[in-house]
$ cat protein.cif   # mmCIF, C-alpha atoms
data_my_file
loop_
_atom_site.label_atom_id
_atom_site.label_comp_id
_atom_site.auth_asym_id
_atom_site.auth_seq_id
_atom_site.Cartn_x
_atom_site.Cartn_y
_atom_site.Cartn_z
CA MET A 1454 28.22 -28.13 -20.47
CA TYR A 1455 30.39 -27.20 -17.48
CA LYS A 1456 30.20 -30.52 -15.65
CA LEU A 1457 33.95 -31.23 -15.92
CA PRO A 1458 35.10 -27.79 -14.62
CA SER A 1459 32.55 -28.20 -11.82
CA ILE A 1460 34.08 -31.57 -10.82
CA ILE A 1461 37.60 -30.10 -10.99
CA LEU A 1462 36.58 -27.25 -8.69
CA ARG A 1463 35.02 -29.54 -6.11
CA PHE A 1464 37.66 -32.26 -5.97
CA GLY A 1465 40.69 -30.03 -6.64
CA VAL A 1466 40.27 -28.04 -3.43
CA ILE A 1467 39.51 -31.21 -1.46
CA ALA A 1468 42.70 -32.83 -2.82
CA GLY A 1469 44.63 -29.68 -1.89
CA LEU A 1470 43.27 -29.73 1.65
CA VAL A 1471 44.05 -33.44 2.09
CA LEU A 1472 47.60 -32.89 0.78
CA SER A 1473 48.08 -29.92 3.13
CA LEU A 1474 46.83 -31.91 6.12
CA ALA A 1475 49.07 -34.87 5.24
CA GLY A 1476 51.92 -32.41 4.74
CA VAL A 1477 51.42 -30.89 8.21
CA VAL A 1478 51.54 -34.38 9.79
CA ILE A 1479 54.62 -35.38 7.77
CA GLU A 1480 56.32 -32.08 8.63
CA GLN A 1481 55.95 -32.88 12.36
CA PHE A 1482 57.83 -36.18 11.99
CA LEU A 1483 60.20 -35.70 9.06
CA SER A 1484 60.60 -31.89 8.85
CA ILE A 1485 59.66 -31.89 5.17
CA SER A 1486 57.53 -28.85 4.32
CA ASP A 1487 57.30 -29.41 0.56
CA ILE A 1488 54.05 -31.42 0.79
CA VAL A 1489 52.29 -28.57 2.65
CA THR A 1490 53.38 -26.14 -0.06
CA LEU A 1491 52.24 -28.59 -2.73
CA GLY A 1492 48.82 -28.85 -1.04
CA LEU A 1493 48.40 -25.09 -0.78
CA MET A 1494 49.53 -24.66 -4.39
CA THR A 1495 46.95 -27.28 -5.44
CA ILE A 1496 44.21 -25.17 -3.79
CA VAL A 1497 45.46 -22.00 -5.51
CA LEU A 1498 45.81 -23.64 -8.92
CA THR A 1499 42.42 -25.46 -8.89
CA PRO A 1500 40.39 -22.46 -10.20
CA LEU A 1501 43.03 -21.95 -12.90
CA VAL A 1502 42.78 -25.53 -14.11
CA SER A 1503 38.99 -25.23 -14.11
CA LEU A 1504 39.25 -21.99 -16.09
CA PHE A 1505 41.61 -23.63 -18.56
CA VAL A 1506 39.10 -26.46 -19.13
CA ILE A 1507 36.32 -23.89 -19.61
CA GLY A 1508 38.54 -22.18 -22.19
CA ILE A 1509 39.06 -25.47 -24.04
CA LEU A 1510 35.30 -26.15 -23.96
CA MET A 1511 34.73 -22.69 -25.45
CA LEU A 1512 37.31 -23.35 -28.13
CA LEU A 1513 35.51 -26.59 -29.01
CA LYS A 1514 32.33 -24.53 -29.36
CA LYS A 1515 34.32 -22.19 -31.67
CA ASP A 1516 33.97 -19.32 -29.17
CA ILE A 1517 37.40 -17.78 -29.80
CA TYR A 1518 36.61 -14.58 -27.84
CA GLY A 1519 35.74 -16.56 -24.69
CA PHE A 1520 38.82 -18.75 -25.14
CA ILE A 1521 41.16 -15.73 -25.43
CA LEU A 1522 39.66 -14.08 -22.33
CA SER A 1523 40.08 -17.26 -20.28
CA GLN A 1524 43.71 -17.65 -21.37
CA LEU A 1525 44.34 -13.96 -20.61
CA ALA A 1526 43.17 -14.44 -17.00
CA ILE A 1527 45.36 -17.54 -16.65
CA ALA A 1528 48.37 -15.67 -18.10
CA VAL A 1529 47.90 -12.81 -15.59
CA ILE A 1530 47.83 -15.22 -12.63
CA LEU A 1531 50.80 -17.25 -13.87
CA ALA A 1532 52.74 -14.00 -14.39
CA SER A 1533 51.96 -13.14 -10.77
CA ILE A 1534 53.33 -16.49 -9.56
CA ILE A 1535 56.54 -15.98 -11.54
CA THR A 1536 56.88 -12.38 -10.31
CA SER A 1537 56.39 -13.48 -6.66
CA LEU A 1538 59.16 -16.02 -7.07
CA TYR A 1539 61.73 -13.46 -8.13
CA ARG A 1540 60.71 -10.28 -6.19
CA MET B 885 46.52 -23.65 19.78
CA LEU B 886 43.92 -26.43 19.62
CA SER B 887 41.21 -24.19 21.10
CA ASN B 888 42.05 -21.53 18.48
CA LEU B 889 41.65 -24.10 15.70
CA LEU B 890 38.33 -25.32 17.16
CA MET B 891 37.07 -21.74 17.37
CA LEU B 892 38.18 -21.17 13.78
CA PHE B 893 36.26 -24.28 12.71
CA ALA B 894 33.08 -23.21 14.54
CA GLY B 895 33.27 -19.68 13.15
CA ALA B 896 33.92 -21.00 9.66
CA LEU B 897 30.71 -23.07 9.69
CA GLY B 898 28.58 -19.93 10.13
CA ILE B 899 30.71 -17.79 7.81
CA GLY B 900 30.51 -20.43 5.06
CA PHE B 901 26.71 -20.52 5.21
CA VAL B 902 26.12 -16.76 4.97
CA SER B 903 28.91 -16.16 2.47
CA ALA B 904 27.51 -18.69 -0.01
CA ILE B 905 24.03 -17.13 0.23
CA ALA B 906 25.41 -13.62 -0.21
CA GLY B 907 27.84 -14.63 -2.98
CA ILE B 908 30.90 -13.41 -1.11
CA GLY B 909 33.99 -15.36 -0.14
CA GLY B 910 33.54 -14.61 3.55
CA GLY B 911 36.81 -12.72 3.92
CA SER B 912 35.02 -9.59 5.14
CA LEU B 913 33.90 -11.69 8.11
CA MET B 914 36.90 -14.01 8.34
CA VAL B 915 39.66 -11.38 8.61
CA PRO B 916 37.99 -9.39 11.46
CA PHE B 917 37.12 -12.69 13.18
CA MET B 918 40.73 -13.90 13.06
CA VAL B 919 42.30 -10.56 13.98
CA LEU B 920 39.83 -9.27 16.59
CA VAL B 921 38.71 -12.55 18.20
CA LEU B 922 41.71 -14.84 17.78
CA ASN B 923 44.52 -12.23 17.73
CA TYR B 924 46.08 -13.31 14.43
CA ASP B 925 48.62 -11.09 12.68
CA VAL B 926 46.76 -9.03 10.05
CA LYS B 927 48.91 -10.19 7.13
CA VAL B 928 48.67 -13.85 8.17
CA ALA B 929 44.89 -13.45 8.55
CA ILE B 930 44.62 -11.91 5.06
CA ALA B 931 46.78 -14.65 3.51
CA THR B 932 44.89 -17.44 5.28
CA SER B 933 41.55 -15.86 4.46
CA LEU B 934 42.38 -15.68 0.75
CA LEU B 935 43.22 -19.39 0.59
CA CYS B 936 39.98 -20.23 2.43
CA ILE B 937 38.03 -18.02 0.06
CA VAL B 938 39.39 -20.11 -2.83
CA VAL B 939 38.03 -23.22 -1.09
CA THR B 940 34.65 -21.62 -0.27
CA SER B 941 33.95 -20.17 -3.65
CA CYS B 942 35.15 -23.29 -5.48
CA SER B 943 32.69 -25.38 -3.43
CA ALA B 944 29.82 -22.99 -4.14
CA ALA B 945 30.83 -22.34 -7.78
CA SER B 946 30.94 -26.08 -8.54
CA VAL B 947 27.23 -26.25 -7.59
CA TYR B 948 26.37 -23.12 -9.60
CA LEU B 949 28.37 -24.26 -12.66
CA ARG B 950 26.64 -27.65 -12.71
CA ARG B 951 23.28 -25.90 -12.36
CA GLY B 952 24.12 -23.47 -15.18
CA THR B 953 23.51 -20.28 -13.20
CA VAL B 954 26.99 -18.82 -13.84
CA ASP B 955 27.19 -16.21 -16.60
CA VAL B 956 30.57 -17.51 -17.81
CA LYS B 957 30.94 -14.86 -20.55
CA THR B 958 30.60 -11.98 -18.08
CA ALA B 959 32.98 -13.74 -15.66
CA LEU B 960 35.59 -14.15 -18.39
CA LEU B 961 35.19 -10.53 -19.45
CA LEU B 962 35.80 -9.22 -15.94
CA GLU B 963 38.33 -11.74 -14.61
CA PRO B 964 41.63 -10.70 -16.31
CA THR B 965 41.51 -7.16 -14.89
CA THR B 966 40.19 -8.46 -11.54
CA ALA B 967 43.11 -10.88 -11.24
CA LEU B 968 45.55 -8.12 -12.14
CA GLY B 969 43.96 -5.86 -9.52
CA ALA B 970 44.25 -8.60 -6.87
CA ILE B 971 47.98 -8.99 -7.51
CA VAL B 972 48.54 -5.21 -7.39
CA GLY B 973 46.44 -5.02 -4.19
CA ALA B 974 48.47 -7.73 -2.49
CA TYR B 975 51.69 -5.87 -3.17
CA ILE B 976 50.12 -2.58 -1.93
CA THR B 977 49.16 -4.19 1.41
CA LEU B 978 52.74 -5.28 1.92
CA THR B 979 53.77 -1.57 1.81
CA LEU B 980 50.84 0.69 2.97
CA PRO B 981 49.81 1.31 6.63
CA VAL B 982 46.93 -1.03 7.49
CA LYS B 983 44.81 1.74 9.08
CA VAL B 984 44.63 3.72 5.84
CA VAL B 985 43.39 0.82 3.73
CA LYS B 986 41.01 -0.39 6.49
CA GLY B 987 39.38 3.03 6.68
CA ALA B 988 38.92 3.23 2.92
CA LEU B 989 37.37 -0.23 2.77
CA GLY B 990 35.05 0.51 5.70
CA ALA B 991 33.72 3.65 4.00
CA LEU B 992 33.31 1.86 0.67
CA LEU B 993 31.44 -1.08 2.22
CA LEU B 994 29.17 1.31 4.09
CA TYR B 995 28.21 3.06 0.84
CA VAL B 996 27.62 -0.21 -1.04
CA SER B 997 25.60 -1.72 1.83
CA VAL B 998 23.31 1.32 2.10
CA THR B 999 22.77 1.32 -1.69
CA MET B 1000 21.95 -2.40 -1.69
CA LEU B 1001 19.73 -2.09 1.38
CA ARG B 1002 17.69 0.71 -0.22
CA LYS B 1003 17.22 -1.41 -3.34
CA ALA B 1004 16.26 -4.44 -1.27
CA LEU B 1005 13.63 -2.50 0.63
CA LYS B 1006 12.04 -1.20 -2.58
CA ARG B 1007 9.37 -3.25 -4.30
CA ALA B 1008 10.90 -5.70 -6.77
CA GLY B 1009 10.78 -4.14 -10.22
CA ARG B 1010 10.03 -5.90 -13.47
CA GLY B 1011 12.82 -7.67 -15.27
CA GLN B 1012 14.07 -9.46 -12.15
CA ALA B 1013 13.70 -12.84 -13.78
CA ASP B 1014 16.66 -15.23 -13.65
CA ALA B 1015 17.06 -15.30 -17.40
CA MET B 1016 20.66 -16.01 -18.48
CA LYS B 1017 20.47 -13.94 -21.67
CA VAL B 1018 21.06 -10.37 -20.55
CA LYS B 1019 22.17 -7.82 -23.12
CA ILE B 1020 24.83 -5.59 -21.56
CA PRO B 1021 25.52 -2.26 -23.35
CA PRO B 1022 29.23 -1.79 -24.40
CA LEU B 1023 29.72 1.28 -22.16
CA ARG B 1024 28.53 -0.66 -19.13
CA LYS B 1025 30.85 -3.51 -20.07
CA LEU B 1026 33.79 -1.07 -20.11
CA LEU B 1027 32.73 0.40 -16.78
CA GLY B 1028 32.41 -3.14 -15.41
CA VAL B 1029 35.94 -4.01 -16.51
CA LEU B 1030 37.34 -0.86 -14.86
CA VAL B 1031 35.43 -1.36 -11.60
CA SER B 1032 36.40 -5.03 -11.52
CA PHE B 1033 40.07 -3.97 -11.37
CA LEU B 1034 39.20 -2.07 -8.17
CA ALA B 1035 37.27 -5.09 -6.89
CA GLY B 1036 40.33 -7.24 -7.48
CA MET B 1037 42.60 -4.72 -5.82
CA THR B 1038 40.33 -4.63 -2.77
CA SER B 1039 40.45 -8.41 -2.66
CA GLY B 1040 44.23 -8.56 -2.72
CA MET B 1041 44.58 -5.73 -0.22
CA PHE B 1042 42.11 -6.86 2.44
CA GLY B 1043 41.92 -10.63 2.06
CA ILE B 1044 38.35 -10.61 0.85
CA GLY B 1045 37.10 -12.35 -2.27
CA GLY B 1046 35.85 -9.14 -3.81
CA GLY B 1047 32.29 -10.45 -4.04
CA VAL B 1048 31.19 -7.48 -1.92
CA LEU B 1049 31.96 -5.33 -4.95
CA LYS B 1050 31.37 -7.81 -7.77
CA VAL B 1051 27.75 -8.59 -6.91
CA PRO B 1052 26.72 -4.89 -6.81
CA LEU B 1053 28.85 -4.30 -9.93
CA MET B 1054 27.07 -6.99 -11.90
CA ALA B 1055 23.61 -6.30 -10.43
CA LEU B 1056 23.62 -2.49 -10.36
CA ILE B 1057 26.01 -1.49 -13.18
CA MET B 1058 25.74 -4.38 -15.64
CA GLY B 1059 22.08 -5.19 -14.91
CA LEU B 1060 22.39 -8.93 -14.23
CA PRO B 1061 19.65 -10.57 -12.14
CA ILE B 1062 20.83 -10.87 -8.53
CA LYS B 1063 20.87 -14.70 -8.46
CA ILE B 1064 22.99 -14.82 -11.64
CA ALA B 1065 25.25 -12.08 -10.22
CA VAL B 1066 25.73 -14.05 -6.99
CA ALA B 1067 26.54 -17.30 -8.85
CA THR B 1068 28.90 -15.54 -11.30
CA SER B 1069 30.59 -13.72 -8.43
CA SER B 1070 31.15 -17.03 -6.61
CA PHE B 1071 32.90 -18.40 -9.68
CA MET B 1072 35.06 -15.27 -10.10
CA VAL B 1073 35.90 -14.91 -6.41
CA GLY B 1074 37.87 -18.18 -6.46
CA LEU B 1075 40.09 -16.95 -9.28
CA THR B 1076 40.55 -13.50 -7.76
CA ALA B 1077 41.43 -14.88 -4.33
CA ALA B 1078 43.85 -17.33 -5.94
CA SER B 1079 45.59 -14.42 -7.74
CA GLY B 1080 46.08 -12.43 -4.52
CA GLY B 1081 46.62 -15.53 -2.37
CA VAL B 1082 49.50 -16.78 -4.46
CA VAL B 1083 51.50 -13.58 -3.71
CA TYR B 1084 51.08 -14.08 0.08
CA LEU B 1085 51.73 -17.82 -0.24
CA MET B 1086 55.00 -17.24 -2.05
CA LYS B 1087 56.03 -14.69 0.61
CA GLY B 1088 55.34 -17.24 3.39
CA PHE B 1089 52.38 -15.53 5.12
CA THR B 1090 49.91 -18.45 4.85
CA ASP B 1091 49.23 -20.63 7.92
CA PRO B 1092 48.36 -24.13 6.59
CA LEU B 1093 46.70 -25.41 9.80
CA SER B 1094 44.39 -22.40 9.97
CA VAL B 1095 43.53 -22.84 6.30
CA ILE B 1096 42.54 -26.46 6.99
CA ALA B 1097 40.50 -25.59 10.13
CA LEU B 1098 38.66 -22.79 8.35
CA ALA B 1099 38.07 -24.81 5.20
CA ALA B 1100 36.80 -27.82 7.15
CA GLY B 1101 34.05 -25.61 8.56
CA ILE B 1102 33.44 -23.54 5.47
CA ILE B 1103 32.85 -26.40 2.99
CA PRO B 1104 29.71 -27.83 4.70
CA GLY B 1105 28.51 -24.32 5.53
CA ALA B 1106 28.91 -23.05 1.97
CA THR B 1107 27.32 -26.15 0.43
CA LEU B 1108 24.28 -25.69 2.65
CA GLY B 1109 24.16 -21.98 1.80
CA ALA B 1110 24.36 -22.65 -1.96
CA ARG B 1111 21.41 -25.06 -1.71
CA TYR B 1112 19.33 -22.50 0.22
CA LEU B 1113 20.00 -19.77 -2.38
CA ARG B 1114 17.82 -21.62 -4.90
CA ARG B 1115 14.80 -21.40 -2.60
CA LEU B 1116 15.26 -17.74 -1.68
CA GLU B 1117 13.73 -14.67 -3.33
CA PRO B 1118 16.16 -12.19 -4.97
CA ARG B 1119 14.97 -9.47 -2.55
CA ALA B 1120 15.75 -11.66 0.44
CA VAL B 1121 19.22 -12.42 -0.94
CA ARG B 1122 19.81 -8.70 -1.51
CA LEU B 1123 18.64 -7.89 2.03
CA VAL B 1124 20.90 -10.53 3.63
CA PHE B 1125 23.80 -9.39 1.50
CA SER B 1126 23.38 -5.70 2.39
CA LEU B 1127 23.06 -6.47 6.11
CA ILE B 1128 26.27 -8.51 6.00
CA LEU B 1129 28.01 -5.62 4.25
CA LEU B 1130 26.70 -3.15 6.83
CA TYR B 1131 28.01 -5.32 9.64
CA ALA B 1132 31.43 -5.66 8.01
CA SER B 1133 31.74 -1.91 7.40
CA VAL B 1134 30.78 -1.05 11.01
CA ARG B 1135 33.35 -3.53 12.31
CA LEU B 1136 36.06 -2.10 10.06
CA LEU B 1137 35.35 1.53 10.96
CA TYR B 1138 35.02 0.66 14.64
CA SER B 1139 38.43 -1.00 14.60
CA LEU B 1140 39.96 2.34 13.53
CA ILE B 1141 38.88 4.18 16.67
CA THR B 1142 39.68 1.42 19.16
#
$ encode --input "protein.cif" --output "structure tokens"
Amino acid sequence: MYKLPSIILRFGVIAGLVLSLAGVVIEQFLSISDIVTLGLMTIVLTPLVSLFVIGILMLLKKDIYGFILSQLAIAVILASIITSLYR
Amino acid sequence: MLSNLLMLFAGALGIGFVSAIAGIGGGSLMVPFMVLVLNYDVKVAIATSLLCIVVTSCSAASVYLRRGTVDVKTALLLEPTTALGAIVGAYITLTLPVKVVKGALGALLLYVSVTMLRKALKRAGRGQADAMKVKIPPLRKLLGVLVSFLAGMTSGMFGIGGGVLKVPLMALIMGLPIKIAVATSSFMVGLTAASGGVVYLMKGFTDPLSVIALAAGIIPGATLGARYLRRLEPRAVRLVFSLILLYASVRLLYSLIT
């Protein structure tokens, strides 16, 4: 049932690491740090995307309680990102 | 610089292996390793550790999810408060003296490790099967939610995944079989570390090169560890886990007097 979230978890962090590594190399030559940040954000957001997919899978199974809990966790983490941006 | 990164990579290989078996993110080993051995700044070590924990637990959790050993319902029940705790913990670390929080964590880990060790040394009781369907009483669920906030706070404060508290929480308080607790903890640890890690990332404490070096070692180590977990007895897992906890607590308490 959770094959897709499992794939997202595995390849999401790998994509984040590759982006970060590419970003570090690019930063050395072009002084652009945005790609490093993008890579690190990809790592941080991977579990959230996986959780979101799990929530959707639960909704498809008509498990509303599970869906609400998953969205609650996502909302808390997104609120933290927004708070960190402005504090 | 390069030698530091190579040492990080070598250390991460070993940390990844044991952390996947014990169901922890490895932060309790990573942070002391970076601070005491490689002289990293504590806050940078915590921030870097949290990002690596996301990588470790995602690698392990992807195996557990595919295998169906994660109790997703319990994870979803505990995760909102855990994530909230991690964010609060991260902000606390940015204000409190490090010695105070280190001492508290050391004492807590010591207590949990002794409790787990005693249980591991006892004969395995009945009901230790790896069945997924475990009926958790409502009061224990409530207690679990409250304790998971503390687990999250500890994660955000000390740069650990919080698995050191989540596995005992699920095994001892909620009554989940240890293998299920370890797999569920691995899944939750990624989310918790991401919640705390994002605060440090936004504040600019994360060192990308160290994250890459650690993760490059941790991924193969954790994958190997996750595969070994299937072949191990719950008692053996519990024993390894409690010994790791004991080691971490001694290191933390020792760092206070030196």
$ residues_around --input "protein.cif" --residues "stretch 1506-1509 of chain A" --least-positions-apart "5" --cutoff "7 Å" --atoms "all atoms listed in the file" --output "PyMOL selection string"
chain A and resi 1458+1519-1520+1523-1524
$ resolve_selection --input "protein.cif" --expression "the PyMOL selection byres ((chain A) within 8 of (chain B))" --output "VMD selection string"
chain A and resid 1454 to 1456 1458 to 1460 1462 to 1463 1466 1470 1473 to 1474 1477 1489 1493 to 1494 1496 to 1498 1500 to 1501 1519 1522 to 1523 1525 to 1527 1529 to 1530 1533 to 1534 1537 to 1538
$ atom_distance --input "protein.cif" --atom1 "atom CA of B:Ala1120" --atom2 "atom CA of B:Ser997"
14.1 Å
$ atom_distance --input "protein.cif" --atom1 "atom CA of B:Ala988" --atom2 "atom CA of B:Ile1057"
21.2 Å
$ atom_distance --input "protein.cif" --atom1 "atom CA of B:Ile1128" --atom2 "atom CA of B:Thr977"
23.7 Å
$ resolve_selection --input "protein.cif" --expression "the PyMOL selection byres ((chain B and resi 913) around 9)" --output "ChimeraX atom specification"
/B:899,903,910-912,914-918,1044,1128,1131-1132
$ resolve_selection --input "protein.cif" --expression "the PyMOL selection byres ((chain B and resi 1133) around 6)" --output "short mmCIF file (atom, residue, chain, number, x, y, z; two decimals) with C-alpha atoms, in the frame of the given file"
data_model
loop_
_atom_site.label_atom_id
_atom_site.label_comp_id
_atom_site.auth_asym_id
_atom_site.auth_seq_id
_atom_site.Cartn_x
_atom_site.Cartn_y
_atom_site.Cartn_z
CA GLY B 990 35.05 0.51 5.70
CA LEU B 993 31.44 -1.08 2.22
CA LEU B 994 29.17 1.31 4.09
CA LEU B 1130 26.70 -3.15 6.83
CA TYR B 1131 28.01 -5.32 9.64
CA ALA B 1132 31.43 -5.66 8.01
CA VAL B 1134 30.78 -1.05 11.01
CA ARG B 1135 33.35 -3.53 12.31
CA LEU B 1136 36.06 -2.10 10.06
#
$ closest_residue --input "protein.cif" --among "B:Leu1053, B:Ile1102, B:Ala1004, B:Val1066" --to "B:Gly895" --atoms "only C-alpha atoms"
B:Ile1102
$ closest_residue --input "protein.cif" --among "B:Ser1126, B:Arg1111, B:Lys1050, B:Ile1141" --to "B:Phe1033" --atoms "only C-alpha atoms"
B:Lys1050
$ axis_aligned_box --input "protein.cif" --around "stretch 1494-1513 of chain A" --padding-each-side "4 Å" --output "lines of an AutoDock Vina configuration file"
center_x = 42.1
center_y = -24.6
center_z = -16.4
size_x = 22.8
size_y = 13.3
size_z = 33.2
$ build_atoms --input "protein.cif" --residues "stretch 887-901 of chain B" --atoms "N, CA and C atoms" --output "CSV table (one decimal), keeping the file's coordinate frame"
chain,number,residue,atom,x,y,z
B,887,SER,N,42.5,-24.9,20.9
B,887,SER,CA,41.2,-24.2,21.1
B,887,SER,C,41.0,-23.1,20.0
B,888,ASN,N,42.1,-22.5,19.6
B,888,ASN,CA,42.0,-21.5,18.5
B,888,ASN,C,41.5,-22.2,17.2
B,889,LEU,N,42.0,-23.4,16.9
B,889,LEU,CA,41.6,-24.1,15.7
B,889,LEU,C,40.2,-24.5,15.8
B,890,LEU,N,39.7,-24.9,17.0
B,890,LEU,CA,38.3,-25.3,17.2
B,890,LEU,C,37.4,-24.1,17.0
B,891,MET,N,37.9,-23.0,17.5
B,891,MET,CA,37.1,-21.7,17.4
B,891,MET,C,37.0,-21.3,15.9
B,892,LEU,N,38.1,-21.5,15.2
B,892,LEU,CA,38.2,-21.2,13.8
B,892,LEU,C,37.2,-22.0,13.0
B,893,PHE,N,37.2,-23.3,13.4
B,893,PHE,CA,36.3,-24.3,12.7
B,893,PHE,C,34.8,-23.9,12.9
B,894,ALA,N,34.5,-23.6,14.2
B,894,ALA,CA,33.1,-23.2,14.5
B,894,ALA,C,32.7,-21.9,13.8
B,895,GLY,N,33.6,-20.9,13.8
B,895,GLY,CA,33.3,-19.7,13.2
B,895,GLY,C,33.1,-19.9,11.7
B,896,ALA,N,33.9,-20.8,11.1
B,896,ALA,CA,33.9,-21.0,9.7
B,896,ALA,C,32.6,-21.6,9.2
B,897,LEU,N,32.0,-22.4,10.0
B,897,LEU,CA,30.7,-23.1,9.7
B,897,LEU,C,29.7,-22.0,9.4
B,898,GLY,N,29.5,-21.0,10.3
B,898,GLY,CA,28.6,-19.9,10.1
B,898,GLY,C,29.0,-19.0,9.0
B,899,ILE,N,30.2,-18.7,8.9
B,899,ILE,CA,30.7,-17.8,7.8
B,899,ILE,C,30.5,-18.4,6.4
B,900,GLY,N,30.7,-19.7,6.3
B,900,GLY,CA,30.5,-20.4,5.1
B,900,GLY,C,29.1,-20.4,4.6
B,901,PHE,N,28.1,-20.5,5.5
B,901,PHE,CA,26.7,-20.5,5.2
B,901,PHE,C,26.3,-19.2,4.7
